[in-house]
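Below: one structure, written as C-alpha cells.
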Amino acid sequence: MLAVSMMTASAFAQRTAVTANKAGDNWYVGINAGAATPTNKFGDAGFFKGFSPEVGVRVGKNLTTVFGLALDVNAYFLNKTDSKSCFGSKTFINATDFDLLGTFNLSNLFAGYQGQPRAFEVIGLIGGGYSRAWAEKQGGINAKAALDFAFNLGAAKAWQVYIEPGIILGEPSPMYANPFRKNLGDKWNGAISLKAGVNYKFGTSNGTHNFKVEELRDQAEIDALNAKINELRSDVDSKNGQLNAANQTINDLKKKLADCEARPTTAAVIEKTETVLQPIVIFRQGKSTIDAAQYASVEMVAKYLRNHKDSKVLVRGYASPEGNAELNQKLSEARAAAVKTALVKRYKIAADRITTEGLGATDKLSEEVDFNRVAMFVDTTK
C-alpha cells in the first residue's frame, strides 16, 4: 500500500515526460558501510556506548524519476568479545536484516526532473523486512527509514555516492523482530545507523545511465507540419507535371531538328558564298530566351571560337512569318542578341568577335514553321 501511494504521488510530481522505462532499464547496484548504535540502554551498552560496524549491499530500480524500489541486505558485526556485547552476540556476524525499501527522490518531487540527475540530491527511503539475531536464533519483522544525501558523479552521472543516516525499529517482545532486541517489555527495540555508500547505475535502452527527457510536440504543431507536408507534395506533383510537359516539348523539337538536319540544304537560302556553321538555336514562338536544351548548340560555337583564336562570327536571328512584321523584326534582333550575350557571359568569348543581325520573318529556312524561329552562325573571319 505504501508503494502504491508513493507511485501515485510521484506520477503527479513527474512534470517532465521521459522515455519508456523498460524492464531492464534504470537498475543499480551498490555497497555501503558504517556503524550502528542501540536506541535503548541495556546491560552496559546504550546510545553512543555500543557502536557496531555494519556493511551492506543494495540492489534497486528507479521506476520513475521520483519513485523506486530497493532491496537492502545489511550485516552487523561483533563489537565486544564478552557476553555483554552491545547486541548480545558472540558470533562474528551479530545480526542481519533484509529490507524492501521504497525510494523517494525528494529533489525531483519538488523541483522536477531536468533531463539528468542533479549533482546533489536528497532521497528518502522507507520500508521494512526481516531481521535476525544469529546468536540467540531469534528474528522477525522490522521497519526502516533513512535519508540519502547523494552526489551524482561523472559526465554520464552513472556513479552515485551517498551519506545515509537511518533508523531500524522492531516490535516489542516477544516478537523480537529486530536484531538489536532486548527483553524490554513494551519498549520498541532498534538502532540508529550512519553509513556511506556508492551505487553504480547500469546503462539503459535510451543510451544513457538515467531517465532521458522525451522530445514531445503538441498536436497543433503536428497538424501544422502535416499540412505543410501535404502542401509541398502538391507543389511537387504540379512541378512534375510541368517538367514532363517541357520534356515532351524538348523531345518533339529534337525530333524535328533531326529531321531538318537530315534534309539537304539549298543554295537559295544563302544570298552569297558564306561559311555557315552547322549548329542552330531554336526558339519558342514569340520568345527570345534560350531554352536549356538549346545551349548545346551555343556551346559548340563557343568551342569552335576557342579552337580558332582569330575567328569571328555573325549571329543572324530569324522569326517565323506569323504576326506583325515590325514585331518579328524586333524579335529576330532580340534572338541574335540573346545568343551573343550567352557566348560572352556564359562561355567567356570576347564581345568584339561577335556581331549580330536581325533578318525579321522568313519561311525559307524550312517548311516546318518552328524551324524558322532560329539563330544561325556565319563565320566572318575571311
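The way I read the labels, and the way they are meant: chains A, B, ... in the order of the C-alpha cells, residue 1 as the first residue of every chain, and ligand 1 as the first ligand shown, with later ones counted on from there.
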
All helix (DSSP H, G or I) residues (DSSP, backbone) inside range 84-250 of chain A, as number ranges by chain: A: 106-111, 219-250

Long-range neighbours of Thr362 in chain A as a ChimeraX atom specification, 9 Å cut-off, only C-alpha atoms, 3 positions minimum in chain: /A:318-321,359,365,372-373

Let me see the file: selected residues, N, CA, C and O atoms, as a PDB file, in the first residue's frame.
ATOM      1  N   TYR A 318      16.191  35.028 -86.799  1.00  0.00           N
ATOM      2  CA  TYR A 318      15.031  34.949 -87.686  1.00  0.00           C
ATOM      3  C   TYR A 318      13.766  34.794 -86.847  1.00  0.00           C
ATOM      4  O   TYR A 318      13.798  34.337 -85.707  1.00  0.00           O
ATOM      5  N   ALA A 319      12.650  35.120 -87.481  1.00  0.00           N
ATOM      6  CA  ALA A 319      11.338  34.896 -86.874  1.00  0.00           C
ATOM      7  C   ALA A 319      10.449  34.202 -87.889  1.00  0.00           C
ATOM      8  O   ALA A 319      10.647  34.333 -89.100  1.00  0.00           O
ATOM      9  N   SER A 320       9.461  33.454 -87.420  1.00  0.00           N
ATOM     10  CA  SER A 320       8.513  32.810 -88.335  1.00  0.00           C
ATOM     11  C   SER A 320       7.523  33.871 -88.840  1.00  0.00           C
ATOM     12  O   SER A 320       7.357  34.925 -88.221  1.00  0.00           O
ATOM     13  N   PRO A 321       6.861  33.603 -89.975  1.00  0.00           N
ATOM     14  CA  PRO A 321       6.095  34.661 -90.649  1.00  0.00           C
ATOM     15  C   PRO A 321       4.801  35.063 -89.965  1.00  0.00           C
ATOM     16  O   PRO A 321       4.166  36.015 -90.399  1.00  0.00           O
ATOM     17  N   LEU A 359      17.102  39.471 -89.139  1.00  0.00           N
ATOM     18  CA  LEU A 359      16.608  39.449 -90.514  1.00  0.00           C
ATOM     19  C   LEU A 359      15.090  39.333 -90.583  1.00  0.00           C
ATOM     20  O   LEU A 359      14.543  39.064 -91.648  1.00  0.00           O
ATOM     21  N   LEU A 365      13.715  29.108 -94.572  1.00  0.00           N
ATOM     22  CA  LEU A 365      14.698  28.223 -93.937  1.00  0.00           C
ATOM     23  C   LEU A 365      14.205  26.792 -93.869  1.00  0.00           C
ATOM     24  O   LEU A 365      14.971  25.843 -93.990  1.00  0.00           O
ATOM     25  N   ASN A 372      11.848  28.079 -88.479  1.00  0.00           N
ATOM     26  CA  ASN A 372      12.144  29.425 -88.955  1.00  0.00           C
ATOM     27  C   ASN A 372      12.355  30.391 -87.797  1.00  0.00           C
ATOM     28  O   ASN A 372      12.705  31.551 -88.024  1.00  0.00           O
ATOM     29  N   ARG A 373      12.126  29.935 -86.564  1.00  0.00           N
ATOM     30  CA  ARG A 373      12.371  30.766 -85.385  1.00  0.00           C
ATOM     31  C   ARG A 373      13.737  30.382 -84.824  1.00  0.00           C
ATOM     32  O   ARG A 373      13.842  29.675 -83.824  1.00  0.00           O
TER      33      ARG A 373
END

Neighbour list for Thr275 in chain A as a PyMOL selection string, cut-off 10 Å, only C-alpha atoms, skip fewer than 3 positions in-chain: chain A and resi 270+272+278+313+377-382

Strand (DSSP E) positions in range 113-149 of chain A, given as a ChimeraX atom specification: /A:120-133,138-149

Separation of CA of Gln116 in chain A from CA of Phe211 in chain A, in Å and rounded to one decimal: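 Here the two named atoms are 6.7 Å from each other.
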